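Heads up, target-v9.csv below (CSV, C-alpha atoms):
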chain,number,residue,atom,x,y,z
A,1182,MET,CA,115.4,-49.7,62.7
A,1183,THR,CA,113.8,-53.1,63.3
A,1184,ARG,CA,114.1,-54.4,66.9
A,1185,MET,CA,115.6,-57.8,67.1
A,1186,LYS,CA,113.8,-60.4,69.3
A,1187,PRO,CA,115.9,-61.9,72.0
A,1188,ALA,CA,117.2,-65.4,71.5
A,1189,TYR,CA,114.8,-68.2,72.6
A,1190,GLY,CA,117.2,-69.4,75.3
A,1191,VAL,CA,117.7,-65.9,76.8
A,1192,ALA,CA,113.9,-65.4,76.9
A,1193,VAL,CA,113.3,-68.7,78.7
A,1194,ALA,CA,116.1,-68.0,81.2
A,1195,LEU,CA,114.6,-64.5,81.8
A,1196,ALA,CA,111.2,-66.0,82.3
A,1197,LEU,CA,112.6,-68.6,84.8
A,1198,VAL,CA,114.3,-65.8,86.8
A,1199,ILE,CA,111.1,-63.8,86.9
A,1200,ALA,CA,109.0,-66.8,88.0
A,1201,GLY,CA,111.6,-67.7,90.7
A,1202,THR,CA,111.6,-64.1,92.0
A,1203,ARG,CA,107.8,-64.1,92.1
A,1204,LEU,CA,107.8,-67.4,94.0
A,1205,ALA,CA,110.3,-66.2,96.5
A,1206,ALA,CA,108.3,-63.0,97.0
A,1207,ALA,CA,105.2,-65.1,97.6
A,1208,ALA,CA,106.7,-67.3,100.2
A,1209,GLU,CA,105.9,-66.0,103.7
A,1210,GLU,CA,108.8,-65.9,106.1
A,1211,VAL,CA,108.5,-67.7,109.4
A,1212,ASP,CA,110.8,-68.7,112.2
A,1213,LEU,CA,110.0,-72.4,111.8
A,1214,GLU,CA,108.2,-74.8,109.5
A,1215,LEU,CA,107.0,-77.6,111.7
A,1216,VAL,CA,105.3,-80.8,110.6
A,1217,LEU,CA,103.8,-82.7,113.6
A,1218,ALA,CA,103.8,-86.2,112.2
A,1219,ALA,CA,101.8,-88.3,114.8
A,1220,ASP,CA,101.3,-92.0,114.9
A,1221,GLY,CA,97.7,-92.9,113.8
A,1222,SER,CA,98.5,-96.5,113.1
A,1223,GLY,CA,96.5,-99.6,114.2
A,1224,SER,CA,98.4,-99.8,117.5
A,1225,ILE,CA,96.8,-96.5,118.6
A,1226,ASP,CA,93.2,-97.0,119.6
A,1227,ASP,CA,90.5,-94.3,119.3
A,1228,GLU,CA,90.9,-93.2,122.9
A,1229,GLU,CA,94.7,-92.9,122.6
A,1230,LEU,CA,94.3,-91.0,119.4
A,1231,ARG,CA,92.0,-88.6,121.1
A,1232,LEU,CA,94.4,-88.1,124.0
A,1233,GLN,CA,97.3,-87.5,121.5
A,1234,ARG,CA,95.3,-84.9,119.6
A,1235,GLU,CA,94.2,-83.2,122.8
A,1236,GLY,CA,97.8,-83.2,124.0
A,1237,TYR,CA,99.0,-81.5,120.8
A,1238,ALA,CA,96.1,-79.0,120.9
A,1239,ARG,CA,96.8,-78.1,124.6
A,1240,ALA,CA,100.6,-77.9,124.0
A,1241,LEU,CA,100.4,-75.5,121.1
A,1242,ALA,CA,98.2,-73.1,123.1
A,1243,HIS,CA,100.3,-73.4,126.3
A,1244,PRO,CA,101.8,-70.1,127.6
A,1245,ARG,CA,105.3,-71.5,127.5
A,1246,VAL,CA,105.0,-72.6,123.9
A,1247,LEU,CA,103.4,-69.3,122.9
A,1248,SER,CA,106.2,-67.4,124.7
A,1249,ALA,CA,108.7,-69.4,122.7
A,1250,ILE,CA,106.9,-68.5,119.5
A,1251,GLY,CA,106.8,-64.9,120.4
A,1252,SER,CA,110.5,-64.7,121.3
A,1253,GLY,CA,111.4,-65.8,117.7
A,1254,PHE,CA,112.9,-63.3,115.2
A,1255,LEU,CA,109.6,-63.1,113.4
A,1256,GLY,CA,107.3,-64.2,116.2
A,1257,LYS,CA,105.4,-66.8,114.1
A,1258,ILE,CA,105.7,-70.4,112.9
A,1259,ALA,CA,104.0,-72.4,110.3
A,1260,VAL,CA,102.6,-75.8,111.5
A,1261,ALA,CA,100.9,-78.7,109.8
A,1262,PHE,CA,99.6,-81.8,111.5
A,1263,VAL,CA,99.8,-85.2,109.8
A,1264,GLU,CA,98.7,-88.7,111.0
A,1265,TRP,CA,100.3,-91.7,109.5
A,1266,GLY,CA,100.0,-95.5,109.5
A,1267,GLY,CA,101.2,-97.9,106.8
A,1268,PRO,CA,103.3,-97.1,103.8
A,1269,ASP,CA,100.3,-95.8,101.8
A,1270,SER,CA,98.5,-94.0,104.7
A,1271,GLN,CA,99.7,-90.5,105.4
A,1272,HIS,CA,97.0,-87.9,105.9
A,1273,ILE,CA,96.9,-84.1,106.5
A,1274,ILE,CA,94.7,-83.5,109.5
A,1275,VAL,CA,95.4,-79.8,109.7
A,1276,ASP,CA,97.0,-78.1,106.8
A,1277,TRP,CA,99.7,-75.4,107.0
A,1278,THR,CA,98.7,-72.8,109.5
A,1279,ILE,CA,100.4,-69.7,110.9
A,1280,VAL,CA,100.6,-69.8,114.7
A,1281,ASP,CA,101.5,-66.4,116.1
A,1282,GLY,CA,99.4,-66.1,119.3
A,1283,PRO,CA,96.6,-67.5,121.4
A,1284,GLU,CA,93.9,-67.1,118.8
A,1285,SER,CA,95.7,-68.9,116.0
A,1286,ALA,CA,96.9,-71.6,118.3
A,1287,ALA,CA,93.3,-72.2,119.6
A,1288,ALA,CA,92.0,-72.3,116.0
A,1289,PHE,CA,94.6,-74.9,115.1
A,1290,GLY,CA,93.6,-77.0,118.1
A,1291,ALA,CA,89.9,-76.8,117.3
A,1292,LYS,CA,90.5,-78.0,113.7
A,1293,LEU,CA,92.7,-80.8,115.0
A,1294,LEU,CA,90.1,-82.1,117.5
A,1295,ALA,CA,87.2,-81.9,114.9
A,1296,LYS,CA,88.8,-84.0,112.1
A,1297,PRO,CA,87.9,-87.7,111.8
A,1298,ARG,CA,90.5,-90.5,112.0
A,1299,ALA,CA,92.1,-91.3,108.7
A,1300,ALA,CA,95.3,-93.4,109.0
A,1301,VAL,CA,95.3,-97.2,108.8
A,1302,SER,CA,97.7,-100.1,109.1
A,1303,TYR,CA,101.1,-100.2,110.8
A,1304,ASN,CA,104.1,-97.9,111.4
A,1305,SER,CA,105.9,-96.8,108.3
A,1306,ILE,CA,107.9,-94.1,110.0
A,1307,SER,CA,110.1,-93.9,106.9
A,1308,ASN,CA,107.2,-93.0,104.5
A,1309,ALA,CA,105.8,-90.5,107.1
A,1310,ILE,CA,109.2,-88.7,107.0
A,1311,ALA,CA,109.3,-88.7,103.2
A,1312,TYR,CA,105.7,-87.4,103.1
A,1313,SER,CA,106.4,-84.7,105.7
A,1314,GLN,CA,109.5,-83.6,103.8
A,1315,ASN,CA,107.4,-83.1,100.6
A,1316,LEU,CA,104.9,-81.0,102.6
A,1317,ILE,CA,107.7,-78.8,103.8
A,1318,GLU,CA,109.3,-78.4,100.3
A,1319,SER,CA,106.0,-77.7,98.6
A,1320,ASN,CA,104.4,-75.2,100.9
A,1321,ASP,CA,104.3,-71.4,100.6
A,1322,TYR,CA,106.5,-70.6,103.6
A,1323,ALA,CA,110.2,-69.9,104.0
A,1324,GLY,CA,111.3,-70.9,107.5
A,1325,LEU,CA,114.6,-70.0,109.2
A,1326,ARG,CA,114.4,-73.7,110.4
A,1327,ARG,CA,112.5,-76.7,109.2
A,1328,ILE,CA,111.6,-79.6,111.5
A,1329,ILE,CA,109.7,-82.9,111.2
A,1330,ASP,CA,108.4,-84.0,114.6
A,1331,VAL,CA,107.7,-87.8,114.5
A,1332,SER,CA,105.8,-89.6,117.3
A,1333,ALA,CA,105.3,-93.3,117.5
A,1334,ASP,CA,104.7,-96.2,119.9
A,1335,ALA,CA,106.6,-98.8,117.9
A,1336,GLY,CA,109.5,-99.0,115.4
A,1337,ASN,CA,109.5,-98.7,111.7
A,1338,ILE,CA,107.6,-101.3,109.7
A,1339,GLY,CA,107.6,-101.2,105.9
A,1340,GLY,CA,107.9,-98.5,103.3
A,1341,ILE,CA,111.1,-97.1,101.9
A,1342,PRO,CA,114.3,-97.8,103.9
A,1343,LEU,CA,114.3,-95.7,107.0
A,1344,SER,CA,117.9,-94.8,106.5
A,1345,VAL,CA,117.1,-93.4,103.0
A,1346,ALA,CA,114.1,-91.3,104.2
A,1347,ARG,CA,116.2,-90.0,107.1
A,1348,ALA,CA,119.2,-89.1,105.0
A,1349,GLN,CA,117.1,-87.4,102.3
A,1350,ALA,CA,115.5,-85.1,104.9
A,1351,ILE,CA,118.8,-84.3,106.6
A,1352,VAL,CA,120.4,-83.4,103.2
A,1353,ALA,CA,117.5,-81.1,102.5
A,1354,GLY,CA,118.3,-79.2,105.7
A,1355,ILE,CA,115.4,-80.6,107.7
A,1356,THR,CA,115.8,-81.7,111.3
A,1357,ILE,CA,113.9,-84.8,112.5
A,1358,ASN,CA,113.0,-85.0,116.2
A,1359,GLY,CA,111.3,-88.0,117.9
A,1360,LEU,CA,108.7,-88.6,120.5
A,1361,ALA,CA,108.9,-92.3,121.6
A,1362,ILE,CA,105.7,-93.4,123.3
A,1363,SER,CA,106.5,-96.1,125.8
A,1364,ARG,CA,103.4,-97.6,127.3
A,1365,PRO,CA,103.3,-98.0,131.1
A,1366,GLY,CA,104.7,-101.4,132.2
A,1367,SER,CA,106.3,-102.0,128.8
A,1368,THR,CA,109.6,-100.8,127.2
A,1369,ARG,CA,108.1,-101.6,123.8
A,1370,PRO,CA,111.4,-103.2,122.5
A,1371,PHE,CA,112.1,-103.1,118.8
A,1372,ARG,CA,114.4,-105.8,117.4
A,1373,GLY,CA,116.2,-106.1,120.6
A,1374,ILE,CA,116.6,-102.5,121.6
A,1375,SER,CA,114.3,-100.0,123.3
A,1376,LEU,CA,112.1,-97.8,121.3
A,1377,GLU,CA,114.0,-94.7,122.5
A,1378,ALA,CA,117.3,-96.3,121.4
A,1379,HIS,CA,115.7,-97.1,118.0
A,1380,PHE,CA,114.6,-93.5,117.6
A,1381,ALA,CA,118.0,-92.2,118.6
A,1382,ARG,CA,119.9,-94.5,116.3
A,1383,ASP,CA,117.7,-94.7,113.3
A,1384,VAL,CA,115.0,-92.0,113.2
A,1385,VAL,CA,116.2,-88.6,114.4
A,1386,GLY,CA,118.9,-86.5,112.8
A,1387,GLY,CA,120.0,-83.0,111.8
A,1388,PRO,CA,121.1,-80.0,113.8
A,1389,GLY,CA,119.8,-80.1,117.4
A,1390,ALA,CA,117.9,-83.4,116.9
A,1391,PHE,CA,116.6,-85.1,120.0
A,1392,VAL,CA,114.3,-87.8,121.3
A,1393,VAL,CA,111.8,-87.3,124.1
A,1394,THR,CA,110.3,-90.4,125.7
A,1395,VAL,CA,106.8,-90.6,127.1
A,1396,ASP,CA,106.4,-93.1,129.9
A,1397,GLU,CA,104.8,-93.5,133.3
A,1398,THR,CA,106.9,-90.6,134.6
A,1399,ILE,CA,105.5,-87.9,132.3
A,1400,SER,CA,102.1,-87.4,130.6
A,1401,PHE,CA,101.9,-87.1,126.8
A,1402,ALA,CA,100.6,-83.6,127.0
A,1403,ASP,CA,103.5,-82.5,129.3
A,1404,ALA,CA,106.1,-84.1,127.1
A,1405,VAL,CA,104.7,-82.4,124.0
A,1406,ILE,CA,104.8,-79.0,125.7
A,1407,LYS,CA,108.5,-79.4,126.6
A,1408,LYS,CA,109.3,-80.8,123.2
A,1409,LEU,CA,107.6,-77.9,121.4
A,1410,VAL,CA,109.4,-75.4,123.6
A,1411,LEU,CA,112.8,-77.0,122.8
A,1412,GLU,CA,112.0,-77.1,119.1
A,1413,ILE,CA,110.7,-73.6,118.7
A,1414,ALA,CA,113.3,-71.9,121.0
A,1415,SER,CA,116.3,-73.8,119.8
A,1416,THR,CA,119.2,-72.1,118.0
A,1417,PRO,CA,119.8,-72.9,114.3
A,1418,GLY,CA,123.0,-75.0,113.9
A,1419,ALA,CA,123.0,-76.1,117.5
A,1420,PRO,CA,124.8,-79.4,118.2
A,1421,VAL,CA,122.9,-82.7,118.1
A,1422,GLN,CA,121.3,-83.5,121.4
A,1423,ILE,CA,120.1,-87.2,121.4
A,1424,GLY,CA,118.7,-89.0,124.3
A,1425,LYS,CA,116.1,-88.8,127.0
A,1426,LEU,CA,115.9,-85.2,128.3
A,1427,GLU,CA,115.6,-86.1,132.0
A,1428,SER,CA,116.0,-82.6,133.5
A,1429,SER,CA,114.1,-80.8,130.8
A,1430,LEU,CA,111.1,-83.1,131.1
A,1431,GLN,CA,110.3,-82.6,134.7
A,1432,PRO,CA,106.8,-81.0,134.9
A,1433,SER,CA,107.0,-77.4,136.0
A,1434,LYS,CA,104.5,-76.0,138.5
A,1435,ALA,CA,102.7,-74.3,135.7
A,1436,ASP,CA,102.1,-77.6,133.9
A,1437,ARG,CA,100.8,-79.5,136.9
Output the file's structure as structure tokens, nothing else.
Amino acid sequence: MTRMKPAYGVAVALALVIAGTRLAAAAEEVDLELVLAADGSGSIDDEELRLQREGYARALAHPRVLSAIGSGFLGKIAVAFVEWGGPDSQHIIVDWTIVDGPESAAAFGAKLLAKPRAAVSYNSISNAIAYSQNLIESNDYAGLRRIIDVSADAGNIGGIPLSVARAQAIVAGITINGLAISRPGSTRPFRGISLEAHFARDVVGGPGAFVVTVDETISFADAVIKKLVLEIASTPGAPVQIGKLESSLQPSKADR
């Protein structure tokens, strides 16, 4: 008896199911997919950029951060580092990397410090968020949580509307946290409000979202350590926590 070929539509559907299964199987599960989206715009000079990168490298390898990673369900996170400037200037400085202990954290930091500067122009936070969302959605990892960690020393300038970029990320199940960099002696106001207030109102969002402010009371490196601990150790679905984390940001003896 002659075998009948399956209908074209059935064959295509079956192929899509198989392809989807293969993709799902290929995705490595992690506790967290984290994009560190750092300000590399024209307002950040070379020395400040170096200090920022050193702060992130130090923070990721800090015992408190490694302890937070190790306490996760899977004990590992996937991290990518992006520097951004104007609407057309977003750059992967360190591509997706699994961090699951001191060696992988140190390797990530070494790559971060070795790469040349790339970003130009000014402060499109909105396009940085959209770019980071695409990085998360196109990677080979399946995180229990997904976070974009945006740092900046000024408010959004140019690019797609910030409200649109923010909403798209939140709808996709991505939390946006903020690191507002306030220079000593200046509140860096943005359109009549403080930079921290701009971040809280217009930038951050999603479950557990928060803003950390760097000013004369806390170093950049110390702020990043506390911020990473909060992000990595937070519980999925936690209530929104917006504002300056005064008590959480006091340097511990281990950080001094």
- Check the smallest atom-to-atom distance from each of A:Gly1282, A:Pro1297, A:Gly1324, A:Gly1290 to Asp1212 of chain A using all atoms listed in the file, then report the winner. A:Gly1324
- Query: Could you state the separation of atom CA of Leu1409 of chain A and atom CA of Gly1339 of chain A in Å, given to one decimal place?
  - Reply: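 If I compute the distance from atom CA of Leu1409 of chain A to atom CA of Gly1339 of chain A, I get 28.0 Å.
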For segment 1334-1355 of chain A against segment 1217-1241 of chain A, with a cut-off of 12 Å and counting only C-alpha atoms, what is the closest atom pair and its distance in Å to one decimal for every residue that makes the cut, ordered by chain and number, as a Markdown table?
| residue | atom | partner | partner_atom | distance |
| --- | --- | --- | --- | --- |
| A:Asp1334 | CA | A:Asp1220 | CA | 7.4 |
| A:Ala1335 | CA | A:Ser1224 | CA | 8.3 |
| A:Gly1336 | CA | A:Asp1220 | CA | 10.8 |
| A:Asn1337 | CA | A:Asp1220 | CA | 11.1 |
| A:Ile1338 | CA | A:Ser1222 | CA | 10.8 |
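The nearest approach to Phe1391 of chain A among the residues A:Val1263, A:Ile1328, A:Ile1279, A:Ala1288, with only C-alpha atoms taken into account, belongs to A:Ile1328.
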- Item | Selected residue, from A:Glu1318, A:Ser1415, A:Lys1407, A:Ala1346, that lies nearest to His1243 of chain A when counting all atoms listed in the file |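 Among A:Glu1318, A:Ser1415, A:Lys1407, A:Ala1346, it is A:Lys1407 that comes nearest to His1243 of chain A.
Here atom CA of Leu1325 of chain A is placed at a distance of 9.5 Å from atom CA of Leu1255 of chain A.
Residues of protein, DNA and RNA with at least one atom no farther than 9 Å from (101.8, -93.8, 104.6) are, using all atoms listed in the file, Glu1264, Trp1265, Gly1266, Gly1267, Pro1268, Asp1269, Ser1270, Gln1271, His1272, Ala1300, Val1301, Ser1302, Tyr1303, Asn1304, Ser1305, Ile1306, Ser1307, Asn1308, Ala1309, Tyr1312 and Gly1340 of chain A.
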- Just give me the gap between atom CA of Val1216 of chain A and atom CA of Ile1329 of chain A in Å, one decimal is fine.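 So the answer is 4.9 Å.
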- Query: Which one of A:Leu1411, A:Ile1406, A:Val1331, A:Ile1273 sits closest to Pro1244 of chain A if you count only C-alpha atoms?
  - Reply: A:Ile1406
- Residue nearest Ala1348 of chain A - candidates A:Val1384, A:Val1392, A:Leu1213, A:Ala1242, atoms counted: all atoms listed in the file: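 Using all atoms listed in the file, the shortest distance to Ala1348 of chain A belongs to A:Val1384.
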- Selected residue, from A:Ala1381, A:Val1393, A:Ala1414, A:Leu1293, that lies nearest to Asp1276 of chain A when counting only C-alpha atoms: A:Leu1293
- Task: Compute the distance from (117.7, -78.3, 108.5) to each atom, counting only C-alpha atoms, keep the residues with any atom at most 7 Å away, and return them as JSON, numbers by chain; use the coordinates of the file.
- Result: {"A": [1326, 1327, 1328, 1351, 1353, 1354, 1355, 1356, 1387, 1388]}
